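**Q** File name structure.txt; file contents compact mmCIF, C-alpha atoms; full text below.
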# COMPACT_ATOMS: atom_id res chain seq x y z
CA MET G 645 0.00 0.00 0.00
CA ASP G 646 1.26 3.45 -0.86
CA TRP G 647 1.19 5.49 2.33
CA GLY G 648 1.88 8.73 0.49
CA THR G 649 -1.39 8.48 -1.45
CA LEU G 650 -3.35 7.69 1.68
CA VAL G 651 -1.82 10.61 3.62
CA ALA G 652 -2.42 12.98 0.70
CA THR G 653 -6.04 11.86 0.39
CA VAL G 654 -6.73 12.21 4.14
CA SER G 655 -4.98 15.60 4.27
CA GLY G 656 -6.85 16.86 1.22
CA GLY G 657 -10.15 15.67 2.64
CA SER G 658 -9.40 17.31 5.99
CA ILE G 659 -8.54 20.60 4.33
CA ALA G 660 -11.72 20.47 2.23
CA ILE G 661 -13.91 19.73 5.26
CA ALA G 662 -12.23 22.46 7.32
CA GLY G 663 -12.68 24.94 4.44
CA THR G 664 -16.34 24.02 4.09
CA MET G 665 -16.90 24.37 7.82
CA LEU G 666 -15.15 27.76 7.88
CA ALA G 667 -17.19 29.02 4.92
CA ASP G 668 -20.40 27.80 6.56
CA PHE G 669 -19.45 29.47 9.86
CA LEU G 670 -18.72 32.79 8.13
CA ARG G 671 -21.95 32.62 6.08
CA ARG G 672 -24.01 31.86 9.21
CA ARG G 673 -22.36 34.71 11.10
CA HIS G 674 -23.16 37.09 8.24
CA ASP G 675 -26.77 35.82 8.04
CA ASP G 676 -27.21 36.21 11.80
CA GLY G 677 -26.10 39.83 11.57
CA LEU G 678 -28.69 40.49 8.89
CA SER G 679 -31.43 38.62 10.68
CA VAL G 680 -31.11 40.66 13.89
CA GLY G 681 -32.28 43.79 12.07
CA THR G 682 -34.96 41.85 10.26
CA ARG G 683 -36.17 40.21 13.47
CA ARG G 684 -36.24 43.55 15.27
CA ARG G 685 -38.22 45.26 12.53
CA ALA G 686 -40.72 42.37 12.49
CA ALA G 687 -41.04 42.45 16.30
CA TYR G 688 -41.56 46.22 16.30
CA ILE G 689 -44.27 46.04 13.67
CA GLU G 690 -45.93 43.03 15.29
CA PHE G 691 -46.09 44.82 18.65
CA ILE G 692 -47.61 48.04 17.37
CA THR G 693 -50.04 46.11 15.17
CA ALA G 694 -51.22 44.02 18.13
CA ALA G 695 -51.60 47.18 20.22
CA GLY G 696 -53.59 48.80 17.41
CA THR G 697 -55.88 45.79 17.15
CA CYS G 698 -56.47 45.86 20.89
CA HIS G 699 -57.06 49.62 20.89
CA THR G 700 -59.64 49.26 18.11
CA ARG G 701 -61.44 46.53 20.05
CA LEU G 702 -61.45 48.60 23.25
CA ARG G 703 -62.88 51.59 21.36
CA HIS G 704 -65.60 49.34 19.95
CA ILE G 705 -66.49 48.08 23.43
CA ALA G 706 -66.48 51.66 24.76
CA GLN G 707 -69.10 52.67 22.17
CA ASP G 708 -71.69 50.70 24.11
CA PRO G 709 -70.27 49.11 27.26
CA ALA G 710 -73.76 48.28 28.51
CA ALA G 711 -74.06 45.74 25.67
CA GLU G 712 -71.37 43.58 27.27
CA PRO G 713 -72.42 41.32 30.15
CA ASP G 714 -68.91 41.17 31.66
CA LEU G 715 -66.71 44.15 30.77
CA GLU G 716 -63.72 42.88 32.71
CA THR G 717 -63.66 39.61 30.77
CA VAL G 718 -64.28 41.12 27.36
CA THR G 719 -61.66 43.85 27.79
CA ARG G 720 -59.07 41.34 28.97
CA ALA G 721 -59.94 39.23 25.96
CA ALA G 722 -59.30 42.26 23.75
CA LEU G 723 -55.69 42.21 24.95
CA SER G 724 -55.11 38.49 24.63
CA ASP G 725 -57.02 38.06 21.36
CA ALA G 726 -54.92 40.80 19.78
CA GLY G 727 -51.78 38.84 20.67
CA ILE G 728 -50.26 41.74 22.60
CA TYR G 729 -48.73 39.54 25.29
CA GLU G 730 -46.85 37.36 22.80
CA ALA G 731 -45.78 40.39 20.76
CA ARG G 732 -44.54 42.09 23.93
CA GLU G 733 -42.41 39.07 24.83
CA ARG G 734 -40.87 39.01 21.35
CA LEU G 735 -40.23 42.74 21.71
CA PHE G 736 -38.39 42.19 24.99
CA ILE G 737 -36.26 39.48 23.39
CA ASP G 738 -35.31 41.28 20.16
CA ALA G 739 -35.66 45.02 20.81
CA ALA G 740 -32.98 47.53 21.61
CA ALA G 741 -33.29 48.82 25.19
CA ASP G 742 -34.82 52.20 24.22
CA VAL G 743 -37.47 50.56 22.06
CA ALA G 744 -38.25 47.93 24.70
CA GLY G 745 -38.71 50.69 27.29
CA ALA G 746 -40.97 52.70 24.98
CA GLY G 747 -42.92 49.52 24.20
CA GLN G 748 -43.40 48.75 27.88
CA ALA G 749 -44.61 52.31 28.53
CA MET G 750 -47.06 51.96 25.64
CA PHE G 751 -48.27 48.62 26.99
CA GLU G 752 -48.84 50.12 30.45
CA GLN G 753 -50.93 52.93 28.93
CA LEU G 754 -52.89 50.39 26.89
CA ARG G 755 -53.61 48.49 30.11
CA ALA G 756 -54.79 51.76 31.72
CA LEU G 757 -57.16 52.24 28.78
CA GLN G 758 -58.33 48.64 29.16
CA ARG G 759 -59.01 49.19 32.87
CA ALA G 760 -61.00 52.37 32.11
CA VAL G 761 -63.18 50.55 29.58
CA ALA G 762 -63.55 47.58 31.96
CA ALA G 763 -64.86 50.05 34.56
CA GLY G 764 -67.53 51.20 32.09
CA ALA G 765 -65.92 54.22 30.42
CA THR G 766 -67.60 55.26 27.18
CA LEU G 767 -65.87 56.95 24.24
CA ARG G 768 -67.14 60.36 25.32
CA SER G 769 -66.55 59.94 29.04
CA PRO G 770 -63.81 61.78 30.95
CA ALA G 771 -62.46 58.42 32.18
CA PHE G 772 -61.89 57.18 28.62
CA HIS G 773 -60.52 60.55 27.58
CA ASP G 774 -58.09 60.65 30.50
CA ALA G 775 -56.70 57.22 29.60
CA TYR G 776 -56.76 57.77 25.83
CA HIS G 777 -54.36 60.72 25.53
CA PRO G 778 -51.52 59.14 27.55
CA TYR G 779 -51.90 55.99 25.45
CA ILE G 780 -51.69 57.91 22.16
CA GLY G 781 -48.68 59.83 23.48
CA ALA G 782 -46.99 56.53 24.36
CA VAL G 783 -47.77 55.11 20.90
CA TRP G 784 -45.99 58.03 19.29
CA ALA G 785 -43.06 57.80 21.72
CA TYR G 786 -42.71 54.14 20.68
CA ARG G 787 -42.80 55.07 16.99
CA VAL G 788 -40.13 57.72 17.55
CA ALA G 789 -37.90 55.24 19.40
CA VAL G 790 -38.27 52.66 16.62
CA ARG G 791 -37.56 55.22 13.92
CA GLU G 792 -34.48 56.52 15.73
CA GLU G 793 -33.12 53.01 16.17
CA LEU G 794 -33.86 51.71 12.67
CA GLU G 795 -33.20 54.81 10.63
CA GLY G 796 -31.20 57.08 12.92
CA ARG G 797 -33.67 59.88 12.24
CA SER G 798 -35.96 61.56 14.71
CA LEU G 799 -39.55 62.55 14.25
CA SER G 800 -41.37 65.42 15.91
CA PRO G 801 -45.03 66.41 16.22
CA ALA G 802 -44.26 69.56 14.24
CA ALA G 803 -43.67 67.38 11.16
CA PHE G 804 -47.43 66.80 11.21
CA GLY G 805 -48.37 70.33 12.25
CA TRP G 806 -49.17 69.18 15.79
CA ASP G 807 -48.25 70.64 19.16
CA GLY G 808 -47.70 67.28 20.87
CA TRP G 809 -47.89 63.54 20.39
CA ASP G 810 -50.81 62.93 22.76
CA GLY G 811 -53.38 64.61 20.50
CA THR G 812 -54.72 67.05 23.08
CA ASP G 813 -54.20 69.92 20.62
CA ARG G 814 -56.59 68.20 18.17
CA CYS G 815 -59.10 66.89 20.70
CA PRO G 816 -62.52 68.60 20.77
CA MET G 817 -62.96 67.74 24.47
CA CYS G 818 -59.57 69.22 25.39
CA ARG G 819 -60.14 72.35 23.30
CA GLN G 820 -63.56 72.83 24.86
CA ALA G 821 -62.13 72.41 28.38
CA ALA G 822 -59.35 74.91 27.59
CA ALA G 823 -61.68 77.52 26.08
CA PRO G 824 -62.60 80.42 28.32
CA PRO G 825 -66.15 80.24 29.68
CA GLY G 826 -68.76 81.74 27.42
CA THR G 827 -66.92 81.15 24.14
Let me see the file written as structure tokens.

**A**
Amino acid sequence: MDWGTLVATVSGGSIAIAGTMLADFLRRRHDDGLSVGTRRRAAYIEFITAAGTCHTRLRHIAQDPAAEPDLETVTRAALSDAGIYEARERLFIDAAADVAGAGQAMFEQLRALQRAVAAGATLRSPAFHDAYHPYIGAVWAYRVAVREELEGRSLSPAAFGWDGWDGTDRCPMCRQAAAPPGT
């Protein structure tokens, strides 16, 4: 048996396998770097979409809360049916710290809105109104945090011709409350 041929074959095979493994490692590392941004973007969109779905359901319930036999149960279901809890967990796993913090603040304001509706607040009631504006402000703060992280660009209410993110400058109830008596 020719030992030289055997050694050359084994060495060549080892080099080929090592080269393949190194190429695969480098490709995977490159793909992982790309997928972090992709995963974050997907988590950010999933979270705000779930929050929007829940918000829409809570507004629908608040149109006629008397139509619901158990407001506590139906408002809690609005949160879980929208998938907000799962989306929030994915956000905590994939998000940058600033976005995760803004997302948590938004979630807490959504829960405050849920509690107001569960207590019987209607769309036109002060209780709904008092929970609504902080929630909308938190939604915009989340959007700003996401935009700053993903694009490195900020966003301000002035870009939309607004005074603030919470919508109080565009709210008929807030404008009426701020108007001097007799106007």

**Q** Taking all atoms listed in the file into account, name the residue in G:Gly727, G:Ala710, G:Ile692, G:Val718 that is nearest to Met750 in chain G.

**A**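 Among the listed residues, the smallest separation from Met750 in chain G belongs to G:Ile692.
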
**Q** G:Glu716, G:Asp708, G:Asp738, G:Glu795: which is nearest Arg755 in chain G, counting only C-alpha atoms?

**A**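 Closest residue, counting only C-alpha atoms: G:Glu716.
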
**Q** Taking the point (-52.0, 51.8, 29.7) as given in the file, collect each protein or nucleic acid residue that comes within 10 Å of it, counting all atoms listed in the file, and present the set as a PyMOL selection string.

**A** chain G and resi 748-760+775-776+778-780+782

**Q** If I take CA of Arg720 in chain G and CA of Ala762 in chain G, how far is one from the other in Å, to one decimal?

**A**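 About the pair CA of Arg720 in chain G and CA of Ala762 in chain G: they are 8.2 Å apart.
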
**Q** Between CA of Ala789 in chain G and CA of Ala803 in chain G, what is the distance, to one decimal in Å?

**A**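 Between these atoms lies a distance of 15.8 Å.
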
**Q** Would you please work out which residue, of G:Arg814, G:Arg819, G:His777, G:Arg734, is nearest to Ala686 in chain G when using all atoms listed in the file?

**A** G:Arg734

**Q** When distances are computed from only C-alpha atoms, which of G:Gly796, G:Pro709, G:Gly657, G:Gly681 shows the smallest separation from Leu767 in chain G?

**A** G:Pro709

**Q** Any idea what the distance is between CA of Ser724 in chain G and CA of Leu794 in chain G?

**A**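 Interatomic distance, CA of Ser724 in chain G to CA of Leu794 in chain G: 27.7 Å.
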
**Q** Tell me which protein, DNA and RNA residues are within 9 Å of Gln707 in chain G, counting all atoms listed in the file, leaving out same-chain ones fewer than 6 positions away, and put them as number ranges by chain.

**A** G: 765-768

**Q** Would you please work out which residue, of G:Val783, G:Leu799, G:Ala706, G:Asp774, is nearest to Thr812 in chain G when using all atoms listed in the file?

**A**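 Among the listed residues, G:Asp774 lies closest to Thr812 in chain G.
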
**Q** Would you kindly identify which residues have an atom no farther than 10 Å from (-37.6, 54.6, 18.9), using only C-alpha atoms and the file's own coordinates, and write them out as a CSV table (one decimal) with C-alpha atoms, in the frame of the given file?

**A**
chain,number,residue,atom,x,y,z
G,688,TYR,CA,-41.6,46.2,16.3
G,739,ALA,CA,-35.7,45.0,20.8
G,740,ALA,CA,-33.0,47.5,21.6
G,741,ALA,CA,-33.3,48.8,25.2
G,742,ASP,CA,-34.8,52.2,24.2
G,743,VAL,CA,-37.5,50.6,22.1
G,744,ALA,CA,-38.2,47.9,24.7
G,745,GLY,CA,-38.7,50.7,27.3
G,746,ALA,CA,-41.0,52.7,25.0
G,747,GLY,CA,-42.9,49.5,24.2
G,784,TRP,CA,-46.0,58.0,19.3
G,785,ALA,CA,-43.1,57.8,21.7
G,786,TYR,CA,-42.7,54.1,20.7
G,787,ARG,CA,-42.8,55.1,17.0
G,788,VAL,CA,-40.1,57.7,17.6
G,789,ALA,CA,-37.9,55.2,19.4
G,790,VAL,CA,-38.3,52.7,16.6
G,791,ARG,CA,-37.6,55.2,13.9
G,792,GLU,CA,-34.5,56.5,15.7
G,793,GLU,CA,-33.1,53.0,16.2
G,794,LEU,CA,-33.9,51.7,12.7
G,795,GLU,CA,-33.2,54.8,10.6
G,796,GLY,CA,-31.2,57.1,12.9
G,797,ARG,CA,-33.7,59.9,12.2
G,798,SER,CA,-36.0,61.6,14.7
G,799,LEU,CA,-39.6,62.6,14.2

**Q** Find the residues near Cys698 in chain G: any atom within 6 Å, counting all atoms listed in the file, skip ones fewer than 6 places away on the same chain, and give them as a tab-separated table (two decimals) with C-alpha atoms, in the frame of the given file.

**A**
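The resulting file, around30.tsv, is reproduced below:
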chain	number	residue	atom	x	y	z
G	722	ALA	CA	-59.30	42.26	23.75
G	723	LEU	CA	-55.69	42.21	24.95
G	726	ALA	CA	-54.92	40.80	19.78

**Q** Point out the residue among G:Cys818, G:Glu690, G:Thr697, G:Pro770 with the least atom-to-atom distance to Glu730 in chain G, counting all atoms listed in the file.

**A**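 Looking only at the distances to Glu730 in chain G, the closest residue turns out to be G:Glu690.
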
**Q** Please write a file for range 673-814 of chain G, taken from the block I just shared, that holds C-alpha atoms and is laid out as a PDB file, in the first residue's frame.

**A**
ATOM      1  CA  ARG G 673     -22.362  34.715  11.102  1.00  0.00           C
ATOM      2  CA  HIS G 674     -23.157  37.087   8.235  1.00  0.00           C
ATOM      3  CA  ASP G 675     -26.770  35.820   8.036  1.00  0.00           C
ATOM      4  CA  ASP G 676     -27.213  36.206  11.799  1.00  0.00           C
ATOM      5  CA  GLY G 677     -26.097  39.827  11.566  1.00  0.00           C
ATOM      6  CA  LEU G 678     -28.686  40.495   8.894  1.00  0.00           C
ATOM      7  CA  SER G 679     -31.433  38.618  10.680  1.00  0.00           C
ATOM      8  CA  VAL G 680     -31.113  40.661  13.892  1.00  0.00           C
ATOM      9  CA  GLY G 681     -32.283  43.786  12.073  1.00  0.00           C
ATOM     10  CA  THR G 682     -34.959  41.853  10.256  1.00  0.00           C
ATOM     11  CA  ARG G 683     -36.169  40.212  13.474  1.00  0.00           C
ATOM     12  CA  ARG G 684     -36.243  43.552  15.269  1.00  0.00           C
ATOM     13  CA  ARG G 685     -38.223  45.256  12.525  1.00  0.00           C
ATOM     14  CA  ALA G 686     -40.716  42.373  12.493  1.00  0.00           C
ATOM     15  CA  ALA G 687     -41.041  42.446  16.296  1.00  0.00           C
ATOM     16  CA  TYR G 688     -41.560  46.223  16.299  1.00  0.00           C
ATOM     17  CA  ILE G 689     -44.272  46.043  13.668  1.00  0.00           C
ATOM     18  CA  GLU G 690     -45.927  43.031  15.294  1.00  0.00           C
ATOM     19  CA  PHE G 691     -46.091  44.816  18.651  1.00  0.00           C
ATOM     20  CA  ILE G 692     -47.613  48.044  17.370  1.00  0.00           C
ATOM     21  CA  THR G 693     -50.042  46.112  15.172  1.00  0.00           C
ATOM     22  CA  ALA G 694     -51.223  44.022  18.133  1.00  0.00           C
ATOM     23  CA  ALA G 695     -51.601  47.180  20.221  1.00  0.00           C
ATOM     24  CA  GLY G 696     -53.588  48.802  17.413  1.00  0.00           C
ATOM     25  CA  THR G 697     -55.881  45.786  17.145  1.00  0.00           C
ATOM     26  CA  CYS G 698     -56.471  45.856  20.893  1.00  0.00           C
ATOM     27  CA  HIS G 699     -57.056  49.618  20.890  1.00  0.00           C
ATOM     28  CA  THR G 700     -59.635  49.261  18.110  1.00  0.00           C
ATOM     29  CA  ARG G 701     -61.444  46.528  20.054  1.00  0.00           C
ATOM     30  CA  LEU G 702     -61.450  48.600  23.250  1.00  0.00           C
ATOM     31  CA  ARG G 703     -62.882  51.589  21.360  1.00  0.00           C
ATOM     32  CA  HIS G 704     -65.597  49.336  19.946  1.00  0.00           C
ATOM     33  CA  ILE G 705     -66.485  48.084  23.428  1.00  0.00           C
ATOM     34  CA  ALA G 706     -66.480  51.660  24.759  1.00  0.00           C
ATOM     35  CA  GLN G 707     -69.100  52.670  22.174  1.00  0.00           C
ATOM     36  CA  ASP G 708     -71.694  50.695  24.108  1.00  0.00           C
ATOM     37  CA  PRO G 709     -70.274  49.114  27.262  1.00  0.00           C
ATOM     38  CA  ALA G 710     -73.764  48.277  28.513  1.00  0.00           C
ATOM     39  CA  ALA G 711     -74.056  45.740  25.674  1.00  0.00           C
ATOM     40  CA  GLU G 712     -71.370  43.585  27.269  1.00  0.00           C
ATOM     41  CA  PRO G 713     -72.421  41.325  30.150  1.00  0.00           C
ATOM     42  CA  ASP G 714     -68.906  41.174  31.662  1.00  0.00           C
ATOM     43  CA  LEU G 715     -66.711  44.152  30.771  1.00  0.00           C
ATOM     44  CA  GLU G 716     -63.722  42.876  32.706  1.00  0.00           C
ATOM     45  CA  THR G 717     -63.656  39.605  30.773  1.00  0.00           C
ATOM     46  CA  VAL G 718     -64.279  41.124  27.356  1.00  0.00           C
ATOM     47  CA  THR G 719     -61.658  43.855  27.792  1.00  0.00           C
ATOM     48  CA  ARG G 720     -59.071  41.342  28.975  1.00  0.00           C
ATOM     49  CA  ALA G 721     -59.939  39.226  25.956  1.00  0.00           C
ATOM     50  CA  ALA G 722     -59.297  42.257  23.747  1.00  0.00           C
ATOM     51  CA  LEU G 723     -55.691  42.212  24.945  1.00  0.00           C
ATOM     52  CA  SER G 724     -55.110  38.485  24.632  1.00  0.00           C
ATOM     53  CA  ASP G 725     -57.024  38.060  21.356  1.00  0.00           C
ATOM     54  CA  ALA G 726     -54.924  40.804  19.783  1.00  0.00           C
ATOM     55  CA  GLY G 727     -51.775  38.843  20.666  1.00  0.00           C
ATOM     56  CA  ILE G 728     -50.265  41.743  22.600  1.00  0.00           C
ATOM     57  CA  TYR G 729     -48.726  39.544  25.295  1.00  0.00           C
ATOM     58  CA  GLU G 730     -46.850  37.362  22.798  1.00  0.00           C
ATOM     59  CA  ALA G 731     -45.785  40.395  20.756  1.00  0.00           C
ATOM     60  CA  ARG G 732     -44.543  42.089  23.933  1.00  0.00           C
ATOM     61  CA  GLU G 733     -42.409  39.069  24.835  1.00  0.00           C
ATOM     62  CA  ARG G 734     -40.869  39.013  21.351  1.00  0.00           C
ATOM     63  CA  LEU G 735     -40.232  42.741  21.707  1.00  0.00           C
ATOM     64  CA  PHE G 736     -38.391  42.189  24.985  1.00  0.00           C
ATOM     65  CA  ILE G 737     -36.257  39.476  23.386  1.00  0.00           C
ATOM     66  CA  ASP G 738     -35.306  41.279  20.165  1.00  0.00           C
ATOM     67  CA  ALA G 739     -35.657  45.018  20.807  1.00  0.00           C
ATOM     68  CA  ALA G 740     -32.977  47.526  21.609  1.00  0.00           C
ATOM     69  CA  ALA G 741     -33.290  48.824  25.189  1.00  0.00           C
ATOM     70  CA  ASP G 742     -34.818  52.200  24.221  1.00  0.00           C
ATOM     71  CA  VAL G 743     -37.470  50.565  22.059  1.00  0.00           C
ATOM     72  CA  ALA G 744     -38.249  47.929  24.701  1.00  0.00           C
ATOM     73  CA  GLY G 745     -38.706  50.695  27.292  1.00  0.00           C
ATOM     74  CA  ALA G 746     -40.971  52.701  24.984  1.00  0.00           C
ATOM     75  CA  GLY G 747     -42.919  49.522  24.200  1.00  0.00           C
ATOM     76  CA  GLN G 748     -43.396  48.747  27.877  1.00  0.00           C
ATOM     77  CA  ALA G 749     -44.610  52.310  28.533  1.00  0.00           C
ATOM     78  CA  MET G 750     -47.056  51.959  25.642  1.00  0.00           C
ATOM     79  CA  PHE G 751     -48.273  48.615  26.995  1.00  0.00           C
ATOM     80  CA  GLU G 752     -48.843  50.121  30.450  1.00  0.00           C
ATOM     81  CA  GLN G 753     -50.932  52.928  28.934  1.00  0.00           C
ATOM     82  CA  LEU G 754     -52.893  50.388  26.886  1.00  0.00           C
ATOM     83  CA  ARG G 755     -53.609  48.489  30.110  1.00  0.00           C
ATOM     84  CA  ALA G 756     -54.787  51.765  31.720  1.00  0.00           C
ATOM     85  CA  LEU G 757     -57.159  52.241  28.780  1.00  0.00           C
ATOM     86  CA  GLN G 758     -58.332  48.640  29.162  1.00  0.00           C
ATOM     87  CA  ARG G 759     -59.015  49.188  32.868  1.00  0.00           C
ATOM     88  CA  ALA G 760     -60.999  52.374  32.111  1.00  0.00           C
ATOM     89  CA  VAL G 761     -63.182  50.551  29.579  1.00  0.00           C
ATOM     90  CA  ALA G 762     -63.549  47.583  31.962  1.00  0.00           C
ATOM     91  CA  ALA G 763     -64.856  50.052  34.561  1.00  0.00           C
ATOM     92  CA  GLY G 764     -67.529  51.204  32.089  1.00  0.00           C
ATOM     93  CA  ALA G 765     -65.925  54.221  30.420  1.00  0.00           C
ATOM     94  CA  THR G 766     -67.601  55.258  27.180  1.00  0.00           C
ATOM     95  CA  LEU G 767     -65.875  56.951  24.238  1.00  0.00           C
ATOM     96  CA  ARG G 768     -67.140  60.361  25.317  1.00  0.00           C
ATOM     97  CA  SER G 769     -66.550  59.945  29.041  1.00  0.00           C
ATOM     98  CA  PRO G 770     -63.813  61.780  30.948  1.00  0.00           C
ATOM     99  CA  ALA G 771     -62.458  58.417  32.179  1.00  0.00           C
ATOM    100  CA  PHE G 772     -61.888  57.182  28.624  1.00  0.00           C
ATOM    101  CA  HIS G 773     -60.517  60.545  27.577  1.00  0.00           C
ATOM    102  CA  ASP G 774     -58.088  60.653  30.499  1.00  0.00           C
ATOM    103  CA  ALA G 775     -56.702  57.218  29.598  1.00  0.00           C
ATOM    104  CA  TYR G 776     -56.756  57.771  25.827  1.00  0.00           C
ATOM    105  CA  HIS G 777     -54.356  60.719  25.528  1.00  0.00           C
ATOM    106  CA  PRO G 778     -51.520  59.141  27.549  1.00  0.00           C
ATOM    107  CA  TYR G 779     -51.899  55.994  25.449  1.00  0.00           C
ATOM    108  CA  ILE G 780     -51.692  57.909  22.163  1.00  0.00           C
ATOM    109  CA  GLY G 781     -48.680  59.825  23.480  1.00  0.00           C
ATOM    110  CA  ALA G 782     -46.990  56.527  24.362  1.00  0.00           C
ATOM    111  CA  VAL G 783     -47.766  55.110  20.896  1.00  0.00           C
ATOM    112  CA  TRP G 784     -45.991  58.032  19.287  1.00  0.00           C
ATOM    113  CA  ALA G 785     -43.061  57.797  21.715  1.00  0.00           C
ATOM    114  CA  TYR G 786     -42.711  54.141  20.684  1.00  0.00           C
ATOM    115  CA  ARG G 787     -42.797  55.066  16.991  1.00  0.00           C
ATOM    116  CA  VAL G 788     -40.134  57.720  17.549  1.00  0.00           C
ATOM    117  CA  ALA G 789     -37.899  55.238  19.405  1.00  0.00           C
ATOM    118  CA  VAL G 790     -38.274  52.663  16.622  1.00  0.00           C
ATOM    119  CA  ARG G 791     -37.560  55.217  13.922  1.00  0.00           C
ATOM    120  CA  GLU G 792     -34.484  56.517  15.732  1.00  0.00           C
ATOM    121  CA  GLU G 793     -33.124  53.010  16.173  1.00  0.00           C
ATOM    122  CA  LEU G 794     -33.859  51.705  12.673  1.00  0.00           C
ATOM    123  CA  GLU G 795     -33.201  54.811  10.633  1.00  0.00           C
ATOM    124  CA  GLY G 796     -31.197  57.080  12.918  1.00  0.00           C
ATOM    125  CA  ARG G 797     -33.671  59.875  12.244  1.00  0.00           C
ATOM    126  CA  SER G 798     -35.956  61.559  14.706  1.00  0.00           C
ATOM    127  CA  LEU G 799     -39.555  62.554  14.251  1.00  0.00           C
ATOM    128  CA  SER G 800     -41.369  65.420  15.910  1.00  0.00           C
ATOM    129  CA  PRO G 801     -45.026  66.409  16.223  1.00  0.00           C
ATOM    130  CA  ALA G 802     -44.258  69.564  14.245  1.00  0.00           C
ATOM    131  CA  ALA G 803     -43.666  67.378  11.164  1.00  0.00           C
ATOM    132  CA  PHE G 804     -47.427  66.799  11.209  1.00  0.00           C
ATOM    133  CA  GLY G 805     -48.369  70.327  12.252  1.00  0.00           C
ATOM    134  CA  TRP G 806     -49.171  69.185  15.793  1.00  0.00           C
ATOM    135  CA  ASP G 807     -48.253  70.644  19.161  1.00  0.00           C
ATOM    136  CA  GLY G 808     -47.698  67.283  20.865  1.00  0.00           C
ATOM    137  CA  TRP G 809     -47.889  63.539  20.392  1.00  0.00           C
ATOM    138  CA  ASP G 810     -50.811  62.933  22.764  1.00  0.00           C
ATOM    139  CA  GLY G 811     -53.381  64.610  20.500  1.00  0.00           C
ATOM    140  CA  THR G 812     -54.724  67.048  23.079  1.00  0.00           C
ATOM    141  CA  ASP G 813     -54.197  69.923  20.615  1.00  0.00           C
ATOM    142  CA  ARG G 814     -56.589  68.198  18.173  1.00  0.00           C
TER     143      ARG G 814
END
